[in-house]
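Source file model.txt; content: compact mmCIF, C-alpha atoms.
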```txt
# COMPACT_ATOMS: atom_id res chain seq x y z
CA MET O 3 -73.58 20.25 56.23
CA LYS O 4 -70.40 18.18 56.45
CA SER O 5 -72.03 15.23 58.20
CA SER O 6 -74.80 15.05 55.60
CA LYS O 7 -72.23 14.87 52.81
CA ILE O 8 -70.45 12.04 54.60
CA ALA O 9 -73.72 10.21 55.09
CA PHE O 10 -74.60 10.58 51.42
CA GLY O 11 -71.27 9.12 50.33
CA VAL O 12 -71.55 6.17 52.71
CA LEU O 13 -75.18 5.55 51.72
CA ALA O 14 -74.36 5.53 48.00
CA LEU O 15 -71.59 3.00 48.50
CA ALA O 16 -73.70 0.91 50.86
CA ILE O 17 -76.43 0.62 48.22
CA THR O 18 -73.86 -0.48 45.65
CA PHE O 19 -72.44 -3.14 47.93
CA ALA O 20 -75.84 -4.40 49.06
CA ALA O 21 -76.73 -5.02 45.42
CA CYS O 22 -73.54 -7.00 44.81
CA GLN O 23 -73.27 -9.38 47.74
CA ASN O 24 -72.42 -12.26 45.42
CA VAL O 25 -68.97 -10.77 44.79
CA GLU O 26 -66.41 -12.84 46.68
CA PHE O 27 -63.54 -11.51 48.74
CA LYS O 28 -60.01 -11.89 47.45
CA LYS O 29 -56.78 -11.11 49.25
CA SER O 30 -54.34 -8.42 48.21
CA SER O 31 -50.59 -9.06 48.24
CA SER O 32 -50.51 -7.25 51.60
CA GLY O 33 -53.04 -9.70 53.04
CA ILE O 34 -56.07 -7.36 53.07
CA PRO O 35 -59.42 -8.92 52.02
CA TYR O 36 -61.04 -6.92 49.23
CA LYS O 37 -63.84 -6.92 46.68
CA ILE O 38 -64.11 -5.05 43.39
CA PHE O 39 -67.60 -4.09 42.27
CA SER O 40 -67.48 -3.65 38.51
CA SER O 41 -69.24 -0.85 36.68
CA LYS O 42 -69.07 -2.92 33.46
CA LYS O 43 -68.09 0.22 31.57
CA GLY O 44 -65.40 2.85 31.48
CA ASP O 45 -61.71 2.82 30.58
CA SER O 46 -59.49 0.17 32.12
CA VAL O 47 -56.64 1.26 34.36
CA ARG O 48 -53.22 0.54 32.89
CA VAL O 49 -49.64 1.27 33.90
CA GLY O 50 -49.14 4.98 33.25
CA SER O 51 -52.81 5.85 33.70
CA ILE O 52 -53.64 8.69 36.07
CA VAL O 53 -56.55 7.72 38.28
CA LYS O 54 -58.85 10.04 40.19
CA TYR O 55 -60.53 8.30 43.12
CA ASN O 56 -62.49 9.14 46.25
CA VAL O 57 -62.13 7.44 49.62
CA ILE O 58 -64.30 6.78 52.65
CA GLN O 59 -62.75 5.01 55.63
CA LYS O 60 -64.92 3.99 58.56
CA THR O 61 -65.43 1.59 61.40
CA LYS O 62 -68.88 0.20 62.20
CA ASP O 63 -70.64 3.53 62.72
CA THR O 64 -67.88 6.12 62.61
CA VAL O 65 -66.52 7.82 59.51
CA LEU O 66 -62.79 8.34 60.03
CA PHE O 67 -62.07 10.05 56.72
CA SER O 68 -64.01 11.11 53.64
CA SER O 69 -62.45 12.75 50.59
CA TYR O 70 -66.01 13.64 49.52
CA THR O 71 -66.41 15.87 52.55
CA ASN O 72 -62.93 17.36 52.30
CA LYS O 73 -63.38 17.84 48.55
CA THR O 74 -59.94 16.32 48.09
CA PRO O 75 -60.07 13.37 45.68
CA PHE O 76 -56.81 11.54 45.15
CA TYR O 77 -54.90 11.56 41.87
CA VAL O 78 -52.27 8.90 41.30
CA GLU O 79 -50.18 7.76 38.37
CA VAL O 80 -50.41 3.98 38.34
CA LYS O 81 -47.08 2.19 38.39
CA PRO O 82 -46.25 -1.51 38.65
CA GLN O 83 -45.59 -2.49 42.27
CA THR O 84 -42.04 -3.69 42.83
CA GLU O 85 -42.48 -4.42 46.55
CA LYS O 86 -45.24 -6.00 48.57
CA PRO O 87 -46.96 -3.25 50.59
CA ALA O 88 -47.33 -3.57 54.35
CA TYR O 89 -50.71 -4.60 55.78
CA ALA O 90 -51.09 -1.17 57.40
CA ASN O 91 -50.27 0.70 54.18
CA ILE O 92 -53.78 0.91 52.78
CA ARG O 93 -52.90 3.54 50.19
CA ALA O 94 -50.15 1.42 48.61
CA THR O 95 -52.51 -1.57 48.60
CA VAL O 96 -55.24 0.44 46.88
CA GLU O 97 -52.86 1.79 44.26
CA GLY O 98 -51.75 -1.78 43.51
CA LEU O 99 -55.36 -2.95 43.13
CA LEU O 100 -56.21 -0.13 40.74
CA LEU O 101 -54.59 -2.12 37.93
CA ASN O 102 -57.45 -4.62 38.33
CA SER O 103 -60.14 -1.95 37.98
CA LYS O 104 -61.66 0.46 35.48
CA GLU O 105 -63.43 3.77 35.52
CA GLY O 106 -66.62 3.62 37.59
CA ASP O 107 -65.54 0.59 39.66
CA SER O 108 -65.73 0.51 43.47
CA LEU O 109 -63.25 -1.23 45.78
CA TYR O 110 -64.13 -2.49 49.26
CA LEU O 111 -61.31 -3.40 51.66
CA VAL O 112 -61.54 -4.73 55.22
CA GLN O 113 -58.71 -4.55 57.77
CA SER O 114 -58.57 -5.89 61.30
CA ALA O 115 -58.09 -3.16 63.90
CA ASP O 116 -56.32 -5.73 66.09
CA SER O 117 -53.69 -6.29 63.39
CA LEU O 118 -53.26 -2.56 62.83
CA ILE O 119 -52.85 -1.92 66.56
CA LYS O 120 -50.38 -4.80 66.84
CA GLN O 121 -48.22 -3.24 64.12
CA ASN O 122 -48.54 0.24 65.61
CA PRO O 123 -49.38 0.26 69.35
CA ASP O 124 -49.55 4.08 69.33
CA ILE O 125 -52.77 4.04 67.30
CA THR O 126 -55.60 5.46 69.40
CA PHE O 127 -58.46 5.92 66.91
CA TYR O 128 -59.15 2.18 66.49
CA LYS O 129 -60.52 -0.16 69.13
CA LYS O 130 -59.76 -3.84 69.48
CA GLY O 131 -62.26 -6.09 67.73
CA GLN O 132 -63.23 -3.46 65.14
CA GLN O 133 -63.09 -3.81 61.40
CA VAL O 134 -61.70 -0.87 59.43
CA ILE O 135 -63.54 -0.57 56.12
CA THR O 136 -62.09 1.43 53.23
CA THR O 137 -64.24 2.07 50.17
CA ILE O 138 -62.82 3.49 46.95
CA LYS O 139 -64.68 4.90 43.96
CA VAL O 140 -62.68 5.11 40.73
CA GLU O 141 -64.04 8.39 39.39
CA LYS O 142 -61.97 8.92 36.27
CA VAL O 143 -59.10 7.38 34.33
CA TYR O 144 -56.88 9.85 32.47
CA LYS O 145 -54.40 9.02 29.75
CA ASN O 146 -52.25 12.14 30.22
CA GLY O 147 -51.22 14.49 32.97
CA ASP O 148 -52.61 17.68 31.42
CA GLU O 149 -56.22 16.43 31.66
CA ALA O 150 -55.69 15.22 35.23
CA ASN O 151 -54.04 18.49 36.29
CA ALA O 152 -56.88 20.55 34.82
CA ASP O 153 -59.45 18.47 36.70
CA ALA O 154 -57.44 18.59 39.93
CA LEU O 155 -57.30 22.38 39.69
CA LYS O 156 -61.09 22.54 39.36
CA GLU O 157 -61.48 20.32 42.42
CA GLN O 158 -59.03 22.47 44.38
CA ALA O 159 -60.92 25.61 43.40
CA VAL O 160 -64.17 24.24 44.84
CA GLY O 161 -62.43 23.22 48.06
CA TYR O 162 -60.63 26.57 48.23
CA GLU O 163 -63.86 28.57 48.04
CA GLN O 164 -65.40 26.48 50.82
CA ASN O 165 -62.29 26.74 52.98
CA GLU O 166 -62.10 30.51 52.45
CA LYS O 167 -65.66 30.98 53.70
CA GLU O 168 -65.01 28.81 56.74
CA MET O 169 -61.70 30.53 57.45
CA LEU O 170 -63.25 34.00 57.26
CA ASP O 171 -66.05 32.91 59.59
CA ARG O 172 -63.54 31.56 62.13
CA PHE O 173 -61.44 34.71 61.78
CA LYS O 174 -64.41 36.93 62.59
CA LYS O 175 -65.19 34.84 65.68
CA ASP O 176 -61.59 34.80 66.92
CA THR O 177 -61.53 37.31 69.79
CA ALA O 178 -57.74 37.71 69.88
CA ALA O 179 -57.55 38.20 66.11
CA GLN O 180 -60.35 40.75 66.13
CA ASN O 181 -58.77 42.68 69.02
CA SER O 182 -55.52 42.86 67.05
CA LEU O 183 -57.42 43.87 63.91
CA GLN O 184 -59.31 46.60 65.76
CA ARG O 185 -56.07 48.03 67.16
CA ASP O 186 -54.35 48.08 63.77
CA SER O 187 -57.44 49.41 61.98
CA LYS O 188 -57.26 52.49 64.19
CA ILE O 189 -53.59 52.96 63.25
CA ILE O 190 -54.36 52.59 59.54
CA GLU O 191 -57.41 54.85 59.60
CA ASP O 192 -55.46 57.57 61.44
CA TYR O 193 -52.70 57.28 58.83
CA LEU O 194 -55.16 57.49 55.93
CA LYS O 195 -56.87 60.53 57.45
CA ALA O 196 -53.58 62.30 58.14
CA HIS O 197 -52.45 61.77 54.54
CA ASN O 198 -55.87 62.46 52.99
CA ILE O 199 -55.98 59.00 51.40
CA ASN O 200 -59.20 57.38 50.20
CA ALA O 201 -59.01 53.60 50.71
CA GLU O 202 -61.66 50.90 50.86
CA LYS O 203 -61.75 48.33 53.66
CA ASP O 204 -61.82 44.70 52.54
CA LYS O 205 -63.94 42.00 54.21
CA TRP O 206 -60.75 40.60 55.79
CA GLY O 207 -59.82 43.97 57.26
CA PHE O 208 -57.02 45.34 55.08
CA TYR O 209 -57.43 48.60 53.13
CA ILE O 210 -56.97 49.14 49.37
CA GLU O 211 -56.10 52.46 47.77
CA LYS O 212 -56.72 52.44 44.01
CA LEU O 213 -53.86 53.99 42.02
CA ALA O 214 -54.45 52.88 38.42
CA PRO O 215 -57.21 50.86 36.73
CA GLY O 216 -56.64 47.53 35.04
CA GLU O 217 -58.35 45.67 32.25
CA GLY O 218 -60.00 42.28 31.94
CA PRO O 219 -61.02 39.85 34.68
CA GLU O 220 -59.36 39.17 38.01
CA PRO O 221 -57.16 36.06 38.11
CA LYS O 222 -58.88 32.73 38.71
CA PHE O 223 -57.84 30.18 41.28
CA GLY O 224 -54.60 28.51 40.18
CA GLN O 225 -53.64 31.21 37.66
CA PHE O 226 -50.40 33.16 38.02
CA ALA O 227 -50.52 36.89 38.63
CA ASN O 228 -47.09 38.30 37.84
CA VAL O 229 -46.91 41.11 40.38
CA SER O 230 -44.57 44.06 40.76
CA TYR O 231 -44.49 44.82 44.47
CA LYS O 232 -42.88 47.21 46.93
CA GLY O 233 -43.16 46.60 50.66
CA MET O 234 -42.94 49.61 52.99
CA HIS O 235 -43.18 50.56 56.63
CA LEU O 236 -45.65 53.29 57.59
CA SER O 237 -42.65 55.63 57.60
CA GLY O 238 -42.32 55.06 53.85
CA GLU O 239 -39.05 53.15 54.15
CA VAL O 240 -38.89 50.27 51.64
CA PHE O 241 -37.99 46.88 53.08
CA ASP O 242 -38.55 44.73 49.96
CA GLN O 243 -39.34 45.09 46.27
CA GLY O 244 -39.29 43.05 43.09
CA VAL O 245 -41.45 41.13 40.64
CA TYR O 246 -42.95 37.84 41.69
CA PRO O 247 -45.47 35.38 40.15
CA VAL O 248 -48.23 34.67 42.69
CA GLN O 249 -50.33 31.56 42.04
CA VAL O 250 -53.75 32.61 43.25
CA GLY O 251 -55.06 30.49 46.11
CA LEU O 252 -51.94 28.33 46.22
CA ALA O 253 -49.03 30.71 46.85
CA GLN O 254 -47.44 30.68 50.29
CA VAL O 255 -47.87 34.39 50.96
CA VAL O 256 -49.22 36.29 53.95
CA LYS O 257 -52.99 36.64 53.92
CA GLY O 258 -53.31 40.34 53.19
CA PHE O 259 -50.84 40.17 50.29
CA GLY O 260 -52.45 37.12 48.69
CA GLU O 261 -56.02 38.37 49.05
CA ALA O 262 -55.14 41.73 47.54
CA VAL O 263 -53.39 40.16 44.54
CA SER O 264 -56.42 37.94 43.85
CA GLN O 265 -58.53 41.09 43.36
CA LEU O 266 -56.31 42.81 40.77
CA SER O 267 -56.91 42.67 37.04
CA LYS O 268 -54.08 43.01 34.51
CA GLY O 269 -52.38 46.40 34.78
CA GLU O 270 -54.22 47.42 37.94
CA LYS O 271 -52.14 49.22 40.55
CA VAL O 272 -53.02 49.62 44.23
CA ARG O 273 -51.53 50.41 47.59
CA VAL O 274 -52.57 47.96 50.33
CA TYR O 275 -52.49 48.73 54.05
CA ILE O 276 -52.18 45.44 55.90
CA PRO O 277 -52.92 44.95 59.62
CA SER O 278 -50.31 42.83 61.39
CA ILE O 279 -52.72 39.91 61.93
CA LEU O 280 -52.95 39.63 58.12
CA GLY O 281 -49.21 40.16 57.76
CA TYR O 282 -46.39 38.86 59.95
CA GLY O 283 -48.32 38.94 63.22
CA PRO O 284 -46.82 39.19 66.72
CA SER O 285 -43.54 37.55 65.67
CA GLY O 286 -42.79 39.98 62.85
CA ASN O 287 -39.91 39.07 60.59
CA PRO O 288 -36.69 40.40 62.11
CA PRO O 289 -34.65 42.34 61.45
CA LYS O 290 -36.71 44.32 58.91
CA ILE O 291 -40.28 43.79 60.14
CA GLY O 292 -41.16 44.30 63.78
CA PRO O 293 -43.75 42.48 65.90
CA ASN O 294 -47.37 43.51 65.29
CA GLU O 295 -46.31 45.93 62.55
CA VAL O 296 -48.74 47.42 60.06
CA LEU O 297 -47.30 47.29 56.54
CA ILE O 298 -47.92 48.92 53.16
CA PHE O 299 -47.56 47.05 49.87
CA GLU O 300 -47.68 48.81 46.52
CA LEU O 301 -48.82 46.24 43.96
CA GLN O 302 -49.31 46.15 40.22
CA THR O 303 -50.30 43.07 38.24
CA LEU O 304 -48.16 42.97 35.12
CA ASP O 305 -49.77 39.91 33.58
CA ILE O 306 -52.12 36.99 34.32
CA SER O 307 -51.35 33.57 32.87
CA ASP O 308 -52.14 29.88 33.29
CA LYS O 309 -48.46 28.93 33.47
CA GLN O 310 -45.77 30.26 35.77
CA PRO O 311 -43.80 33.06 34.07
CA ALA O 312 -40.03 33.18 34.16
CA PRO O 313 -38.69 35.03 37.22
CA GLN O 314 -37.59 38.61 36.58
CA THR O 315 -36.33 40.03 39.84
CA GLN O 316 -35.40 38.14 42.96
CA PRO O 317 -37.00 39.49 46.16
CA GLN O 318 -34.65 41.24 48.55
CA GLN O 319 -36.60 40.07 51.60
CA GLN O 320 -36.84 36.33 52.23
CA PRO O 321 -38.95 35.86 55.38
CA ASN O 322 -38.52 32.47 57.01
CA GLY O 323 -36.07 31.55 54.27
CA ASN O 324 -38.92 31.46 51.72
CA PRO O 325 -39.17 34.23 49.11
CA GLN O 326 -42.84 33.36 48.63
CA GLN O 327 -43.69 34.39 52.19
CA LYS O 328 -44.30 38.06 51.53
```

Go through the file and emit its structure as structure tokens.
Amino acid sequence: MKSSKIAFGVLALAITFAACQNVEFKKSSSGIPYKIFSSKKGDSVRVGSIVKYNVIQKTKDTVLFSSYTNKTPFYVEVKPQTEKPAYANIRATVEGLLLNSKEGDSLYLVQSADSLIKQNPDITFYKKGQQVITTIKVEKVYKNGDEANADALKEQAVGYEQNEKEMLDRFKKDTAAQNSLQRDSKIIEDYLKAHNINAEKDKWGFYIEKLAPGEGPEPKFGQFANVSYKGMHLSGEVFDQGVYPVQVGLAQVVKGFGEAVSQLSKGEKVRVYIPSILGYGPSGNPPKIGPNEVLIFELQTLDISDKQPAPQTQPQQQPNGNPQQK
């Protein structure tokens, strides 16, 4: 699937360039030959504009990078260049050339692999004699940051969903991870049975015990779920508690915690039993969390909002020096 998306992007650009062979090369301030293929429509790029663009970089037959495939278009606020970019700094060169373009335009830049290798002898992905071709498509020109941020969040959501599916597939095929999960699942299921607890197993392998219903939809990617949480050992001893705003899909939290929060509507309260592979893993988080330790988190979503709420309670536990790493 990925290779076909790359091929489509390259083909579309190739058709554009084949139809515009009369466009002459110019040289950027960094010395890179380039062409701009005009769309003859769309907003012009000005200083202060925020530009969304996609990139394909390739040699003769090899695609080195494609933002189409990665679903990661670039967003940049255009500023006047105060320094001449280096020949090898293709991104700075592109951002300088954007001031000569408008929405819908395509840029075509050609670098010599020999020159790039000469400047950086450690480069191994280019071969002498090659040309490195970078093609840029100016997708959208925004006049303010709010519009650009909203679009970027949509793009991230699409990429997030794809990455989640791929990550779950890799997780299920990872023998070591599945062995760890199987071991901890036995511990959790024995605990649930001993305490007569009814909990549902999630696709990732953690268990959710419903305590109180919520109302409304679950949070969307990029929204903030303001969560009251209490982290416990299986003994019931509390190692951390507080209120923390979790940005769904973007927060740096352990997998089991983040996945559980993403499934809670406003007001919903649950108790989550997290296998160590979805928590702190074999390293644990000394001194409070041991290696390969199964954990319990009691969670309740207080509110769901588009903007980050003001902090209420600072977490007691700060794993790895980062309070977000629950």

Distance cut-off 7 Å, centre (-42.6, 48.5, 58.3) in file coordinates, counting only C-alpha atoms: which residues qualify? Return them as a PyMOL selection string. chain O and resi 234-236+291+295-297

Can you pull out every residue within 12 Å of Glu166 (chain O), counting only C-alpha atoms, but drop anything in the same chain fewer than 6 positions away, and send it as number ranges by chain? O: 158-160, 172-173, 205-206, 223, 251, 257, 261

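For the choices O:Gly131, O:Gly98, O:Gly224, O:Gly281, the atom-to-atom distance to Leu183 (chain O) is smallest for O:Gly281 when using all atoms listed in the file.
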
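Protein, DNA and RNA residues at most 8 Å from (-65.5, 18.8, 46.1), with all atoms listed in the file, are these: Tyr70, Thr71, Asn72, Lys73, Thr74, Pro75, Glu157, Gln158, Val160 and Gly161 of chain O.
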
Grab the residues selected above and save them as a PDB file, in the frame of the given file with C-alpha atoms.
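Heads up, here's the output in result23.pdb:
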```pdb
ATOM      1  CA  TYR O  70     -66.010  13.640  49.520  1.00  0.00           C
ATOM      2  CA  THR O  71     -66.410  15.870  52.550  1.00  0.00           C
ATOM      3  CA  ASN O  72     -62.930  17.360  52.300  1.00  0.00           C
ATOM      4  CA  LYS O  73     -63.380  17.840  48.550  1.00  0.00           C
ATOM      5  CA  THR O  74     -59.940  16.320  48.090  1.00  0.00           C
ATOM      6  CA  PRO O  75     -60.070  13.370  45.680  1.00  0.00           C
ATOM      7  CA  GLU O 157     -61.480  20.320  42.420  1.00  0.00           C
ATOM      8  CA  GLN O 158     -59.030  22.470  44.380  1.00  0.00           C
ATOM      9  CA  VAL O 160     -64.170  24.240  44.840  1.00  0.00           C
ATOM     10  CA  GLY O 161     -62.430  23.220  48.060  1.00  0.00           C
TER      11      GLY O 161
END
```

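For the pair CA of Val47 (chain O) and CA of Ile34 (chain O), the separation is 20.6 Å.
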
Any idea what's packed within 10 Å of Lys212 (chain O), counting only C-alpha atoms, ignoring anything in its chain fewer than 2 positions away? Could you give it as a ChimeraX atom specification? /O:199-202,209-210,214-215,270-274

8 Å contact set for Pro284 (chain O), only C-alpha atoms, chain neighbours under 4 positions out, as a PyMOL selection string: chain O and resi 278-279+293-295

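Shell of Asn56 (chain O) at 7 Å, with all atoms listed in the file counted and residues fewer than 6 places along the chain excluded, is Ser69, Tyr70, Pro75, Phe76, Ile138, Lys139 and Val140 of chain O.
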
Atoms to include: C-alpha atoms. Write the selected residues as a PDB file, keeping the file's coordinate frame.
```pdb
ATOM      1  CA  SER O  69     -62.450  12.750  50.590  1.00  0.00           C
ATOM      2  CA  TYR O  70     -66.010  13.640  49.520  1.00  0.00           C
ATOM      3  CA  PRO O  75     -60.070  13.370  45.680  1.00  0.00           C
ATOM      4  CA  PHE O  76     -56.810  11.540  45.150  1.00  0.00           C
ATOM      5  CA  ILE O 138     -62.820   3.490  46.950  1.00  0.00           C
ATOM      6  CA  LYS O 139     -64.680   4.900  43.960  1.00  0.00           C
ATOM      7  CA  VAL O 140     -62.680   5.110  40.730  1.00  0.00           C
TER       8      VAL O 140
END
```

What is the distance between CA of Leu170 (chain O) and CA of Asp204 (chain O), in Å to one decimal? 11.8 Å

Please provide as a ChimeraX atom specification all residues within 12 Å of Lys290 (chain O), with the sequence filter that same-chain residues fewer than 2 positions apart are discarded (counting only C-alpha atoms). /O:233-235,239-242,282,285-288,292-293,295,297,318-321

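Using all atoms listed in the file, the nearest neighbour of Lys43 (chain O) within the list O:Thr84, O:Gln121, O:Thr137, O:Ser103 is O:Ser103.
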
Work out how far apart CA of Val263 (chain O) and CA of Glu220 (chain O) are and give it in Å to one decimal. 8.9 Å

Out of O:Glu141, O:Asp192, O:Asp186, O:Asp308, which residue has the shortest atom-to-atom distance to Pro277 (chain O) when counting only C-alpha atoms? O:Asp186
